[in-house]
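For reference, final.csv (CSV, C-alpha atoms):
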```
chain,number,residue,atom,x,y,z
A,1,MET,CA,-14.8,21.4,-22.5
A,2,SER,CA,-12.5,18.8,-24.0
A,3,VAL,CA,-13.2,15.4,-25.3
A,4,LEU,CA,-10.3,13.2,-26.5
A,5,ALA,CA,-11.3,10.1,-28.4
A,6,VAL,CA,-9.5,7.4,-30.4
A,7,SER,CA,-9.6,7.8,-34.2
A,8,ALA,CA,-10.9,4.3,-34.6
A,9,SER,CA,-14.3,5.1,-33.3
A,10,ALA,CA,-15.9,2.6,-35.6
A,11,LEU,CA,-14.4,-0.4,-33.9
A,12,LYS,CA,-16.6,-3.4,-34.0
A,13,ARG,CA,-18.3,-3.7,-30.6
A,14,ASN,CA,-19.7,-7.2,-30.4
A,15,LEU,CA,-18.5,-9.3,-27.4
A,16,THR,CA,-17.8,-12.9,-27.6
A,17,THR,CA,-17.9,-15.4,-24.8
A,18,SER,CA,-15.2,-17.8,-24.0
A,19,ALA,CA,-17.0,-20.8,-22.6
A,20,ASN,CA,-14.0,-22.1,-20.7
A,21,ALA,CA,-12.8,-18.8,-19.2
A,22,PRO,CA,-15.4,-17.2,-16.9
A,23,ARG,CA,-14.2,-14.0,-15.2
A,24,MET,CA,-13.8,-14.3,-11.5
A,25,LEU,CA,-13.9,-11.7,-8.8
A,26,SER,CA,-13.1,-12.8,-5.2
A,27,GLY,CA,-14.0,-16.4,-6.2
A,28,ARG,CA,-17.4,-15.6,-7.8
A,29,THR,CA,-18.2,-16.0,-11.5
A,30,LEU,CA,-19.0,-12.7,-13.2
A,31,ALA,CA,-19.6,-11.6,-16.8
A,32,PRO,CA,-18.0,-13.6,-19.7
A,33,THR,CA,-14.5,-12.9,-20.7
A,34,VAL,CA,-14.0,-10.7,-23.8
A,35,ASN,CA,-12.3,-12.7,-26.5
A,36,ARG,CA,-9.3,-10.7,-27.6
A,37,THR,CA,-8.5,-12.9,-30.6
A,38,GLY,CA,-11.1,-11.1,-32.7
A,39,SER,CA,-11.6,-7.4,-33.5
A,40,ALA,CA,-14.0,-6.8,-30.6
A,41,GLY,CA,-13.3,-3.8,-28.4
A,42,LEU,CA,-14.8,-2.1,-25.5
A,43,LYS,CA,-15.8,1.6,-25.2
A,44,ILE,CA,-14.1,3.1,-22.1
A,45,LEU,CA,-15.2,6.6,-20.9
A,46,ALA,CA,-13.1,8.6,-18.5
A,47,VAL,CA,-14.3,11.7,-16.8
A,48,LEU,CA,-11.2,13.6,-15.5
A,49,TYR,CA,-10.4,17.2,-14.6
A,50,LYS,CA,-9.0,19.7,-17.0
A,51,GLY,CA,-5.3,20.3,-16.3
A,52,GLY,CA,-4.7,23.2,-18.8
A,53,GLU,CA,-1.2,24.5,-19.2
A,54,ALA,CA,0.0,22.9,-16.0
A,55,ALA,CA,-0.8,19.4,-17.4
A,56,LYS,CA,1.1,20.2,-20.6
A,57,GLN,CA,4.1,21.2,-18.6
A,58,GLU,CA,3.9,18.5,-16.0
A,59,PRO,CA,3.2,15.0,-17.5
A,60,ARG,CA,3.0,13.5,-14.0
A,61,LEU,CA,-0.4,15.2,-13.7
A,62,LEU,CA,-1.9,11.8,-14.8
A,63,GLY,CA,-5.4,12.5,-13.5
A,64,THR,CA,-6.1,15.2,-16.1
A,65,VAL,CA,-7.8,15.0,-19.5
A,66,GLU,CA,-4.5,16.0,-21.1
A,67,ASN,CA,-2.5,13.1,-19.7
A,68,GLN,CA,-5.4,10.6,-19.5
A,69,LEU,CA,-4.1,8.4,-16.6
A,70,GLY,CA,-1.2,7.4,-19.0
A,71,ILE,CA,-3.2,4.5,-20.4
A,72,ARG,CA,-4.4,5.6,-23.9
A,73,GLU,CA,-1.6,3.9,-25.9
A,74,TRP,CA,-2.1,0.7,-23.9
A,75,LEU,CA,-5.9,0.7,-24.3
A,76,GLU,CA,-5.7,1.4,-28.0
A,77,SER,CA,-3.2,-1.4,-28.4
A,78,GLN,CA,-5.8,-3.7,-26.9
A,79,GLY,CA,-8.3,-2.7,-29.5
A,80,HIS,CA,-10.5,-0.5,-27.2
A,81,GLU,CA,-12.0,2.9,-27.8
A,82,TYR,CA,-11.0,5.4,-25.1
A,83,ILE,CA,-12.9,8.7,-24.6
A,84,VAL,CA,-11.6,11.2,-22.1
A,85,THR,CA,-13.6,14.3,-21.1
A,86,ASP,CA,-14.1,16.9,-18.4
A,87,ASP,CA,-17.5,17.8,-19.7
A,88,LYS,CA,-19.9,16.2,-17.2
A,89,GLU,CA,-22.8,18.5,-16.5
A,90,GLY,CA,-26.3,18.1,-18.1
A,91,PRO,CA,-27.9,16.0,-20.7
A,92,ASN,CA,-25.8,17.5,-23.6
A,93,SER,CA,-22.5,16.9,-21.8
A,94,ALA,CA,-20.0,14.5,-23.4
A,95,PHE,CA,-20.3,12.4,-20.2
A,96,GLN,CA,-24.0,11.7,-20.6
A,97,LYS,CA,-23.9,11.4,-24.4
A,98,HIS,CA,-21.1,8.8,-24.4
A,99,LEU,CA,-22.4,7.0,-21.4
A,100,LYS,CA,-25.3,5.5,-23.4
A,101,ASP,CA,-23.0,3.0,-25.1
A,102,THR,CA,-20.1,2.9,-22.7
A,103,ASP,CA,-18.9,-0.5,-21.4
A,104,ILE,CA,-16.5,0.8,-18.7
A,105,LEU,CA,-16.7,4.1,-16.9
A,106,ILE,CA,-13.6,5.7,-15.1
A,107,THR,CA,-14.3,8.6,-12.8
A,108,THR,CA,-12.4,10.5,-10.2
A,109,PRO,CA,-13.4,12.1,-6.8
A,110,PHE,CA,-11.7,15.3,-7.8
A,111,HIS,CA,-14.0,16.1,-10.7
A,112,PRO,CA,-16.7,13.6,-10.3
A,113,GLY,CA,-19.0,12.4,-13.0
A,114,TYR,CA,-22.2,11.8,-11.0
A,115,LEU,CA,-23.6,8.5,-12.0
A,116,THR,CA,-27.2,8.6,-10.8
A,117,ARG,CA,-29.8,5.9,-10.9
A,118,GLU,CA,-31.4,7.7,-13.8
A,119,LEU,CA,-28.1,7.7,-15.8
A,120,VAL,CA,-27.5,4.0,-15.0
A,121,ALA,CA,-30.8,3.3,-16.7
A,122,THR,CA,-29.5,5.0,-19.9
A,123,ALA,CA,-26.4,2.9,-20.0
A,124,PRO,CA,-27.3,-0.7,-21.0
A,125,ASN,CA,-23.8,-1.7,-21.9
A,126,LEU,CA,-22.2,-0.5,-18.7
A,127,LYS,CA,-20.4,-3.3,-16.8
A,128,LEU,CA,-17.7,-1.8,-14.8
A,129,CYS,CA,-17.1,1.5,-12.9
A,130,VAL,CA,-13.6,2.3,-11.8
A,131,THR,CA,-12.8,5.2,-9.4
A,132,ALA,CA,-9.3,6.5,-10.1
A,133,GLY,CA,-8.7,7.3,-6.5
A,134,VAL,CA,-10.6,6.5,-3.3
A,135,GLY,CA,-14.3,7.3,-2.7
A,136,SER,CA,-17.1,6.1,-5.0
A,137,ASP,CA,-20.0,8.1,-3.5
A,138,HIS,CA,-20.5,9.9,-6.8
A,139,ILE,CA,-21.9,6.6,-8.1
A,140,ASP,CA,-25.4,5.4,-7.1
A,141,LEU,CA,-24.0,2.2,-5.6
A,142,ASP,CA,-27.5,0.7,-5.0
A,143,ALA,CA,-28.4,1.2,-8.6
A,144,ALA,CA,-25.1,-0.3,-9.7
A,145,ALA,CA,-25.6,-3.4,-7.5
A,146,ALA,CA,-29.2,-3.8,-8.9
A,147,ARG,CA,-27.8,-3.8,-12.4
A,148,ASP,CA,-24.8,-6.1,-11.6
A,149,ILE,CA,-22.4,-3.3,-12.5
A,150,GLU,CA,-19.1,-3.8,-10.7
A,151,VAL,CA,-17.7,-0.8,-8.9
A,152,LEU,CA,-14.0,-0.7,-7.9
A,153,GLU,CA,-11.6,1.9,-6.6
A,154,VAL,CA,-7.9,2.0,-6.0
A,155,THR,CA,-8.0,1.5,-2.3
A,156,GLY,CA,-5.1,2.9,-0.4
A,157,SER,CA,-3.8,4.9,-3.3
A,158,ASN,CA,-4.1,8.3,-1.6
A,159,VAL,CA,-4.6,7.6,2.1
A,160,VAL,CA,-1.1,8.9,3.0
A,161,SER,CA,-1.7,12.0,0.9
A,162,VAL,CA,-5.1,12.8,2.5
A,163,ALA,CA,-3.9,12.0,6.0
A,164,GLU,CA,-1.0,14.5,5.6
A,165,HIS,CA,-3.4,17.1,4.3
A,166,ALA,CA,-5.7,16.6,7.3
A,167,LEU,CA,-2.8,17.1,9.6
A,168,MET,CA,-1.7,20.2,7.7
A,169,SER,CA,-5.2,21.6,7.9
A,170,ILE,CA,-5.4,21.0,11.7
A,171,LEU,CA,-2.1,22.9,12.2
A,172,LEU,CA,-3.0,25.8,10.0
A,173,LEU,CA,-6.2,26.4,11.9
A,174,VAL,CA,-4.8,25.9,15.4
A,175,ARG,CA,-1.8,28.1,14.6
A,176,ASN,CA,-3.9,30.7,12.8
A,177,PHE,CA,-1.6,30.4,9.8
A,178,VAL,CA,-3.8,31.8,7.0
A,179,PRO,CA,-4.5,35.3,8.5
A,180,ALA,CA,-0.7,35.5,9.4
A,181,HIS,CA,0.2,34.8,5.8
A,182,GLU,CA,-2.4,37.2,4.4
A,183,GLN,CA,-1.0,39.9,6.7
A,184,ILE,CA,2.4,39.5,5.2
A,185,GLU,CA,1.0,39.6,1.6
A,186,ARG,CA,-0.7,42.9,2.5
A,187,GLY,CA,2.6,44.3,3.6
A,188,ASP,CA,1.5,44.5,7.3
A,189,TRP,CA,3.3,43.4,10.4
A,190,GLN,CA,1.1,43.1,13.6
A,191,VAL,CA,2.1,40.1,15.6
A,192,SER,CA,-0.6,40.5,18.2
A,193,GLU,CA,-3.4,40.4,15.6
A,194,VAL,CA,-2.3,36.9,14.7
A,195,ALA,CA,-1.1,35.6,18.1
A,196,ARG,CA,-4.4,36.5,19.8
A,197,ASN,CA,-6.0,33.4,18.1
A,198,ALA,CA,-3.0,31.1,17.8
A,199,PHE,CA,-2.6,28.0,19.9
A,200,ASP,CA,-0.4,24.9,20.4
A,201,LEU,CA,-1.7,21.5,19.3
A,202,GLU,CA,0.0,20.0,22.3
A,203,GLY,CA,-2.4,19.4,25.2
A,204,LYS,CA,-5.5,19.4,23.0
A,205,VAL,CA,-8.2,16.7,22.7
A,206,ILE,CA,-8.3,15.6,19.1
A,207,GLY,CA,-10.8,13.2,17.6
A,208,THR,CA,-11.4,11.6,14.3
A,209,LEU,CA,-14.9,10.9,13.0
A,210,GLY,CA,-14.1,7.7,11.2
A,211,ALA,CA,-11.2,5.4,12.0
A,212,GLY,CA,-10.6,3.6,8.7
A,213,ARG,CA,-7.4,3.7,6.8
A,214,ILE,CA,-7.1,7.4,6.7
A,215,GLY,CA,-8.4,8.0,10.2
A,216,ARG,CA,-5.9,5.6,11.6
A,217,LEU,CA,-3.0,7.3,9.7
A,218,VAL,CA,-4.2,10.7,11.1
A,219,LEU,CA,-4.2,9.4,14.6
A,220,GLU,CA,-0.7,7.9,14.1
A,221,ARG,CA,0.6,11.2,12.9
A,222,LEU,CA,-0.9,13.2,15.7
A,223,ARG,CA,0.8,11.2,18.5
A,224,PRO,CA,4.1,13.0,18.3
A,225,PHE,CA,2.4,16.3,19.0
A,226,ASN,CA,1.6,15.1,22.6
A,227,PRO,CA,-2.1,15.7,22.6
A,228,LYS,CA,-4.0,15.5,25.8
A,229,GLU,CA,-6.1,12.7,24.4
A,230,LEU,CA,-6.9,11.1,21.0
A,231,LEU,CA,-10.5,10.0,20.5
A,232,TYR,CA,-12.3,8.2,17.7
A,233,TYR,CA,-15.9,7.6,16.7
A,234,ASP,CA,-16.7,4.7,14.4
A,235,TYR,CA,-19.3,2.0,14.2
A,236,ASN,CA,-16.5,-0.4,13.7
A,237,PRO,CA,-14.3,-0.4,16.8
A,238,LEU,CA,-10.6,-0.7,16.2
A,239,PRO,CA,-8.8,-3.9,17.2
A,240,GLN,CA,-7.7,-3.4,20.8
A,241,GLU,CA,-4.1,-3.8,19.9
A,242,THR,CA,-4.4,-1.1,17.2
A,243,ALA,CA,-6.2,1.3,19.6
A,244,THR,CA,-3.5,0.7,22.2
A,245,GLN,CA,-0.7,1.4,19.8
A,246,LEU,CA,-2.4,4.6,18.7
A,247,GLY,CA,-3.3,5.6,22.2
A,248,ALA,CA,-6.9,6.2,21.0
A,249,ARG,CA,-10.1,5.9,23.0
A,250,ARG,CA,-13.4,5.1,21.3
A,251,VAL,CA,-16.5,7.2,22.1
A,252,GLU,CA,-19.7,5.4,21.1
A,253,ASP,CA,-22.1,8.4,21.2
A,254,LEU,CA,-21.5,11.0,18.5
A,255,LYS,CA,-22.7,14.0,20.5
A,256,ASP,CA,-20.6,12.9,23.4
A,257,PHE,CA,-17.6,12.5,21.1
A,258,VAL,CA,-17.7,16.0,19.6
A,259,SER,CA,-18.4,17.6,23.0
A,260,GLN,CA,-15.0,16.4,24.3
A,261,CYS,CA,-12.9,17.5,21.3
A,262,ASP,CA,-11.0,20.6,20.8
A,263,VAL,CA,-10.3,19.5,17.2
A,264,VAL,CA,-12.5,17.2,15.1
A,265,THR,CA,-11.2,15.7,11.9
A,266,ILE,CA,-13.6,13.9,9.5
A,267,ASN,CA,-12.3,10.8,7.9
A,268,ALA,CA,-15.4,8.9,6.9
A,269,PRO,CA,-17.0,7.9,3.6
A,270,LEU,CA,-20.1,9.6,2.3
A,271,HIS,CA,-23.2,7.4,2.4
A,272,ASP,CA,-26.8,7.6,3.7
A,273,GLY,CA,-25.6,7.4,7.3
A,274,THR,CA,-23.1,10.3,7.0
A,275,ARG,CA,-24.7,12.7,4.5
A,276,GLY,CA,-25.5,15.9,6.3
A,277,LEU,CA,-24.3,14.4,9.6
A,278,VAL,CA,-22.6,17.6,10.8
A,279,ASN,CA,-25.5,20.0,10.9
A,280,ALA,CA,-26.8,22.7,13.3
A,281,ASP,CA,-28.0,20.0,15.7
A,282,LEU,CA,-24.7,18.3,16.0
A,283,LEU,CA,-22.7,21.5,16.0
A,284,ALA,CA,-24.6,22.7,19.0
A,285,HIS,CA,-22.8,19.9,21.0
A,286,PHE,CA,-19.3,21.0,19.9
A,287,LYS,CA,-17.0,22.8,22.3
A,288,LYS,CA,-17.3,26.6,21.8
A,289,GLY,CA,-14.3,27.6,19.7
A,290,ALA,CA,-13.5,24.1,18.4
A,291,TRP,CA,-11.8,23.5,15.1
A,292,LEU,CA,-13.3,21.2,12.4
A,293,VAL,CA,-11.3,19.7,9.5
A,294,ASN,CA,-13.0,17.8,6.7
A,295,THR,CA,-10.9,16.0,4.0
A,296,ALA,CA,-13.5,13.3,3.6
A,297,ARG,CA,-16.5,14.5,1.6
A,298,GLY,CA,-18.1,17.9,1.7
A,299,ALA,CA,-21.7,16.7,1.9
A,300,ILE,CA,-21.0,15.1,5.3
A,301,CYS,CA,-21.3,18.7,6.5
A,302,ASN,CA,-24.2,21.1,6.0
A,303,ALA,CA,-22.5,24.0,4.3
A,304,GLU,CA,-24.8,26.7,5.6
A,305,ASP,CA,-24.7,25.4,9.2
A,306,VAL,CA,-20.9,25.3,9.2
A,307,ALA,CA,-20.7,28.8,7.9
A,308,ALA,CA,-23.1,30.0,10.5
A,309,ALA,CA,-21.2,28.2,13.3
A,310,LEU,CA,-18.0,29.8,12.2
A,311,LYS,CA,-19.5,33.3,12.1
A,312,SER,CA,-21.1,32.8,15.6
A,313,GLY,CA,-17.9,31.6,17.2
A,314,LYS,CA,-19.2,28.1,17.9
A,315,LEU,CA,-16.4,27.0,15.5
A,316,ASN,CA,-13.1,28.8,15.6
A,317,GLY,CA,-12.1,27.4,12.2
A,318,TYR,CA,-13.1,25.0,9.4
A,319,ALA,CA,-10.6,23.6,6.8
A,320,GLY,CA,-10.5,21.0,4.1
A,321,ASP,CA,-10.5,20.5,0.4
A,322,VAL,CA,-13.9,18.7,-0.2
A,323,TRP,CA,-17.1,20.4,-1.2
A,324,ASN,CA,-20.7,19.3,-1.4
A,325,VAL,CA,-20.6,20.3,-5.1
A,326,GLN,CA,-17.5,20.1,-7.2
A,327,PRO,CA,-16.3,22.3,-8.7
A,328,ALA,CA,-17.7,24.6,-6.0
A,329,PRO,CA,-19.9,27.5,-7.3
A,330,LYS,CA,-18.4,31.0,-6.9
A,331,ASP,CA,-21.0,31.9,-4.3
A,332,HIS,CA,-20.5,28.8,-2.1
A,333,PRO,CA,-20.5,29.9,1.6
A,334,TRP,CA,-17.3,28.1,2.4
A,335,ARG,CA,-15.3,30.3,0.0
A,336,ALA,CA,-15.6,33.5,2.0
A,337,MET,CA,-16.7,32.5,5.5
A,338,ARG,CA,-14.7,33.9,8.4
A,339,ASN,CA,-14.7,33.8,12.2
A,340,ALA,CA,-15.2,37.0,14.2
A,341,LEU,CA,-11.5,37.8,13.9
A,342,GLY,CA,-11.4,37.5,10.2
A,343,GLY,CA,-9.7,34.1,10.0
A,344,GLY,CA,-10.6,30.5,10.5
A,345,ASN,CA,-11.0,29.5,6.9
A,346,GLY,CA,-8.6,26.9,5.5
A,347,MET,CA,-10.6,25.8,2.4
A,348,VAL,CA,-8.8,24.8,-0.8
A,349,PRO,CA,-9.8,23.0,-4.0
A,350,HIS,CA,-10.1,19.2,-3.8
A,351,TYR,CA,-6.5,18.1,-4.2
A,352,SER,CA,-5.5,16.4,-1.0
A,353,GLY,CA,-5.6,13.0,-2.6
A,354,THR,CA,-4.2,14.0,-6.0
A,355,THR,CA,-0.6,14.8,-5.3
A,356,LEU,CA,1.8,13.7,-8.0
A,357,ASP,CA,2.7,10.7,-5.8
A,358,ALA,CA,-1.0,9.8,-5.4
A,359,GLN,CA,-1.7,10.2,-9.1
A,360,LYS,CA,1.0,7.8,-9.9
A,361,ARG,CA,-0.5,5.2,-7.5
A,362,TYR,CA,-4.1,5.6,-8.6
A,363,ALA,CA,-3.2,5.6,-12.3
A,364,GLU,CA,-1.2,2.4,-11.9
A,365,GLY,CA,-4.1,0.9,-9.8
A,366,THR,CA,-6.6,1.8,-12.5
A,367,ARG,CA,-4.6,0.1,-15.1
A,368,LYS,CA,-4.3,-3.0,-12.9
A,369,ILE,CA,-8.0,-3.2,-12.3
A,370,LEU,CA,-8.6,-3.0,-16.1
A,371,GLU,CA,-5.9,-5.6,-16.8
A,372,ASN,CA,-7.6,-8.0,-14.3
A,373,TYR,CA,-11.0,-7.3,-15.9
A,374,PHE,CA,-9.8,-7.9,-19.5
A,375,GLN,CA,-7.9,-11.1,-18.5
A,376,GLY,CA,-10.5,-12.6,-16.3
A,377,LYS,CA,-8.3,-12.4,-13.2
A,378,PRO,CA,-9.5,-11.9,-9.6
A,379,GLN,CA,-9.4,-8.3,-8.4
A,380,ARG,CA,-7.7,-7.2,-5.2
A,381,PRO,CA,-10.5,-7.7,-2.6
A,382,ALA,CA,-9.9,-4.4,-0.9
A,383,ASP,CA,-10.6,-2.6,-4.3
A,384,VAL,CA,-14.1,-4.1,-4.7
A,385,ILE,CA,-17.0,-1.9,-3.6
A,386,ILE,CA,-19.7,-3.6,-5.6
A,387,GLY,CA,-19.2,-7.2,-6.8
A,388,ARG,CA,-21.8,-9.3,-8.5
A,389,GLY,CA,-25.0,-7.6,-7.4
A,390,LYS,CA,-24.0,-6.8,-3.8
A,391,TYR,CA,-21.7,-4.7,-1.6
A,392,GLU,CA,-18.4,-6.2,-0.8
A,393,THR,CA,-17.4,-3.6,1.8
A,394,THR,CA,-18.8,-2.1,5.0
A,395,SER,CA,-17.1,1.3,4.2
A,396,TYR,CA,-20.3,2.7,2.8
A,397,GLY,CA,-22.4,2.0,5.9
A,398,LYS,CA,-23.8,-1.0,7.7
A,399,ARG,CA,-25.9,-3.4,5.5
```
What do you get writing this file as structure tokens?
Amino acid sequence: MSVLAVSASALKRNLTTSANAPRMLSGRTLAPTVNRTGSAGLKILAVLYKGGEAAKQEPRLLGTVENQLGIREWLESQGHEYIVTDDKEGPNSAFQKHLKDTDILITTPFHPGYLTRELVATAPNLKLCVTAGVGSDHIDLDAAAARDIEVLEVTGSNVVSVAEHALMSILLLVRNFVPAHEQIERGDWQVSEVARNAFDLEGKVIGTLGAGRIGRLVLERLRPFNPKELLYYDYNPLPQETATQLGARRVEDLKDFVSQCDVVTINAPLHDGTRGLVNADLLAHFKKGAWLVNTARGAICNAEDVAAALKSGKLNGYAGDVWNVQPAPKDHPWRAMRNALGGGNGMVPHYSGTTLDAQKRYAEGTRKILENYFQGKPQRPADVIIGRGKYETTSYGKR
């Protein structure tokens, strides 16, 4: 595991208050502004994924420990200490050791440093958590709110990237693409073995579980395929004008919703109301042979129940890039599950929201959040998950 730190680790760490310059977030006074006229500096810890040789060859892989979101030089010039690591598991990990005196924590959904309530208690200096990307469910948000720790993410930075991946995943399942490609790799050529389970997307009923930023983009991109109907399930109904433009109909009962869909795509955040939502009980209400795509969060689905549904034929396919544990263990049931015809698995590592285009956006967004924090400027409201002791969004469930 790698840990990259500034050489000036002995920077003086006292914070001084500017009496006339309180920091503001969405109009509310927060913690005191750090005085940059002295030698004070903050300790900033980033938990990113290891890029290896690819990150050395491709500097645009900004979300890696090697390229460090492209902010090391800037942070050091501001007098801050910057620790970057991919070592995040267990009490002896660099993550947990450095967390104890960290002021700002930067994490990513693609290699999440899980900030539990117990770990929050070990971090008395922690004031700000920034998700480089979208989705802060790896942080105990209730614990952060109770401690007045701000939690922000770079809202919108990867919504197009994820929506495109969801659409790709739907197509590769419905068209039976993976078994067809595997056949070519083996040197075989048997069209009937592939075509027997390949269908058109046109004329299908397609529904999104969750109609937020990504769900709406998925619906928008599905319209040109001329589906029979587009449905959505969300506790927040779309504005009527938006629903009309998308040609989408809301179904208020979840079991009724899935029972109507040939394809279900999950585009909802992970919170107490969605964790384990797609389980054996709900899967029993799916159409036999439906396809399920999940590019939201793996823990929304029960892994064993999905694998069993695929094996039994209740599901014809399951695809996505999110796993209930990341990195996924080698024996995770989603790695090798198949339908009765040997296909139906479109799982990949969690990368839908970390294309090079998305990495540029979330790296720039992370820097902007930090700049606002250092300078006492208001944050972009859409980025704020936890403000001063309370939720500032409904994305993580009704409250």
Calculate how many Å separate CA of Ala143 (chain A) from CA of Arg388 (chain A), rounding to one decimal.
12.4 Å
Find, counting only C-alpha atoms, the residue in A:Leu141, A:Leu99, A:Val322, A:Val174 that gets nearest to Tyr396 (chain A).
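Under the stated criterion, the closest residue is A:Leu141.
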Selection: 6 Å around Thr265 (chain A), only C-alpha atoms, excl. self and same-chain fewer than 2 positions, as a list of chain:residue names:
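Answer for this query is A:Thr208, A:Leu292, A:Val293, A:Asn294.
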Produce a file of the selected residues containing C-alpha atoms, as a PDB file, in the frame of the given file.
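The new file result.pdb reads:
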```
ATOM      1  CA  THR A 208     -11.400  11.600  14.300  1.00  0.00           C
ATOM      2  CA  LEU A 292     -13.300  21.200  12.400  1.00  0.00           C
ATOM      3  CA  VAL A 293     -11.300  19.700   9.500  1.00  0.00           C
ATOM      4  CA  ASN A 294     -13.000  17.800   6.700  1.00  0.00           C
TER       5      ASN A 294
END
```
Length of the CA of Ser77 (chain A) to CA of Ala132 (chain A) vector [Å]
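Between CA of Ser77 (chain A) and CA of Ala132 (chain A) the gap works out to 20.8 Å.
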If I take CA of Val258 (chain A) and CA of Val306 (chain A), how far is one from the other in Å, to one decimal?
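One can read the CA of Val258 (chain A) to CA of Val306 (chain A) distance as 14.3 Å.
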Using only C-alpha atoms, can you tell me which of A:Val263, A:Asp305, A:Glu164, A:Glu182 comes closest to Arg221 (chain A)?
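Smallest distance to Arg221 (chain A) is found for A:Glu164.
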Skip Phe110 (chain A) itself and residues of its chain fewer than 2 positions away, then list as a ChimeraX atom specification all residues within 7 Å of it, counting only C-alpha atoms.
/A:108,112,350-351
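Remark: for Ala290 (chain A), the closest of the candidate residues A:Ser259, A:Thr64, A:Asn125, A:Gln190 is A:Ser259 (distances computed over all atoms listed in the file).
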Taking (0.4, 9.1, 3.0) in the file's coordinates, which residues come within 10 Å, counting all atoms listed in the file, written as a list in words?
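Within the cut-off we find Gly156, Ser157, Asn158, Val159, Val160, Ser161, Val162, Ala163, Glu164, His165, Ile214, Leu217, Val218, Gly353, Asp357 and Ala358 of chain A.
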Would you put the residues from that selection into a file with C-alpha atoms, as a PDB file, in the coordinates of the input?
```
ATOM      1  CA  GLY A 156      -5.100   2.900  -0.400  1.00  0.00           C
ATOM      2  CA  SER A 157      -3.800   4.900  -3.300  1.00  0.00           C
ATOM      3  CA  ASN A 158      -4.100   8.300  -1.600  1.00  0.00           C
ATOM      4  CA  VAL A 159      -4.600   7.600   2.100  1.00  0.00           C
ATOM      5  CA  VAL A 160      -1.100   8.900   3.000  1.00  0.00           C
ATOM      6  CA  SER A 161      -1.700  12.000   0.900  1.00  0.00           C
ATOM      7  CA  VAL A 162      -5.100  12.800   2.500  1.00  0.00           C
ATOM      8  CA  ALA A 163      -3.900  12.000   6.000  1.00  0.00           C
ATOM      9  CA  GLU A 164      -1.000  14.500   5.600  1.00  0.00           C
ATOM     10  CA  HIS A 165      -3.400  17.100   4.300  1.00  0.00           C
ATOM     11  CA  ILE A 214      -7.100   7.400   6.700  1.00  0.00           C
ATOM     12  CA  LEU A 217      -3.000   7.300   9.700  1.00  0.00           C
ATOM     13  CA  VAL A 218      -4.200  10.700  11.100  1.00  0.00           C
ATOM     14  CA  GLY A 353      -5.600  13.000  -2.600  1.00  0.00           C
ATOM     15  CA  ASP A 357       2.700  10.700  -5.800  1.00  0.00           C
ATOM     16  CA  ALA A 358      -1.000   9.800  -5.400  1.00  0.00           C
TER      17      ALA A 358
END
```
Please list as a PyMOL selection string every residue within 7 Å of Ala296 (chain A), counting only C-alpha atoms and excluding residues in the same chain fewer than 5 positions away.
chain A and resi 266-269+322
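The shortest atom-to-atom distance to Met347 (chain A), with all atoms listed in the file taken into account, belongs to A:Ile170 out of A:Asp383, A:Leu222, A:Leu115, A:Ile170.
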At a cut-off of 10 Å, using all atoms listed in the file, what residues contact Asp140 (chain A)? Leave out same-chain residues fewer than 5 positions from it and give the result as a CSV table (one decimal) with C-alpha atoms, keeping the file's coordinate frame.
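Wrote result27.csv, looks like this:
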```
chain,number,residue,atom,x,y,z
A,114,TYR,CA,-22.2,11.8,-11.0
A,115,LEU,CA,-23.6,8.5,-12.0
A,116,THR,CA,-27.2,8.6,-10.8
A,117,ARG,CA,-29.8,5.9,-10.9
A,118,GLU,CA,-31.4,7.7,-13.8
A,119,LEU,CA,-28.1,7.7,-15.8
A,120,VAL,CA,-27.5,4.0,-15.0
A,145,ALA,CA,-25.6,-3.4,-7.5
A,271,HIS,CA,-23.2,7.4,2.4
```
Region 102-106 of chain A environment, 9 Å, all atoms listed in the file, sequence neighbours closer than 2 positions dropped, as a compact mmCIF listing (two decimals) with C-alpha atoms, in the frame of the given file:
```
# COMPACT_ATOMS: atom_id res chain seq x y z
CA LEU A 42 -14.80 -2.10 -25.50
CA LYS A 43 -15.80 1.60 -25.20
CA ILE A 44 -14.10 3.10 -22.10
CA LEU A 45 -15.20 6.60 -20.90
CA ALA A 46 -13.10 8.60 -18.50
CA VAL A 47 -14.30 11.70 -16.80
CA LEU A 48 -11.20 13.60 -15.50
CA HIS A 98 -21.10 8.80 -24.40
CA LEU A 99 -22.40 7.00 -21.40
CA LYS A 100 -25.30 5.50 -23.40
CA THR A 108 -12.40 10.50 -10.20
CA GLY A 113 -19.00 12.40 -13.00
CA ALA A 123 -26.40 2.90 -20.00
CA PRO A 124 -27.30 -0.70 -21.00
CA ASN A 125 -23.80 -1.70 -21.90
CA LEU A 126 -22.20 -0.50 -18.70
CA LYS A 127 -20.40 -3.30 -16.80
CA LEU A 128 -17.70 -1.80 -14.80
CA CYS A 129 -17.10 1.50 -12.90
CA VAL A 130 -13.60 2.30 -11.80
CA THR A 131 -12.80 5.20 -9.40
CA ALA A 132 -9.30 6.50 -10.10
CA THR A 366 -6.60 1.80 -12.50
```
Ranking A:Gly41, A:Pro109, A:Gly342, A:Gly207 by minimum distance to Gln183 (chain A) and counting all atoms listed in the file, which one comes first?
A:Gly342
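Counting only C-alpha atoms and comparing A:Ala146, A:Leu310, A:Leu254, A:Ile300, the residue that lies closest to Tyr235 (chain A) is A:Leu254.
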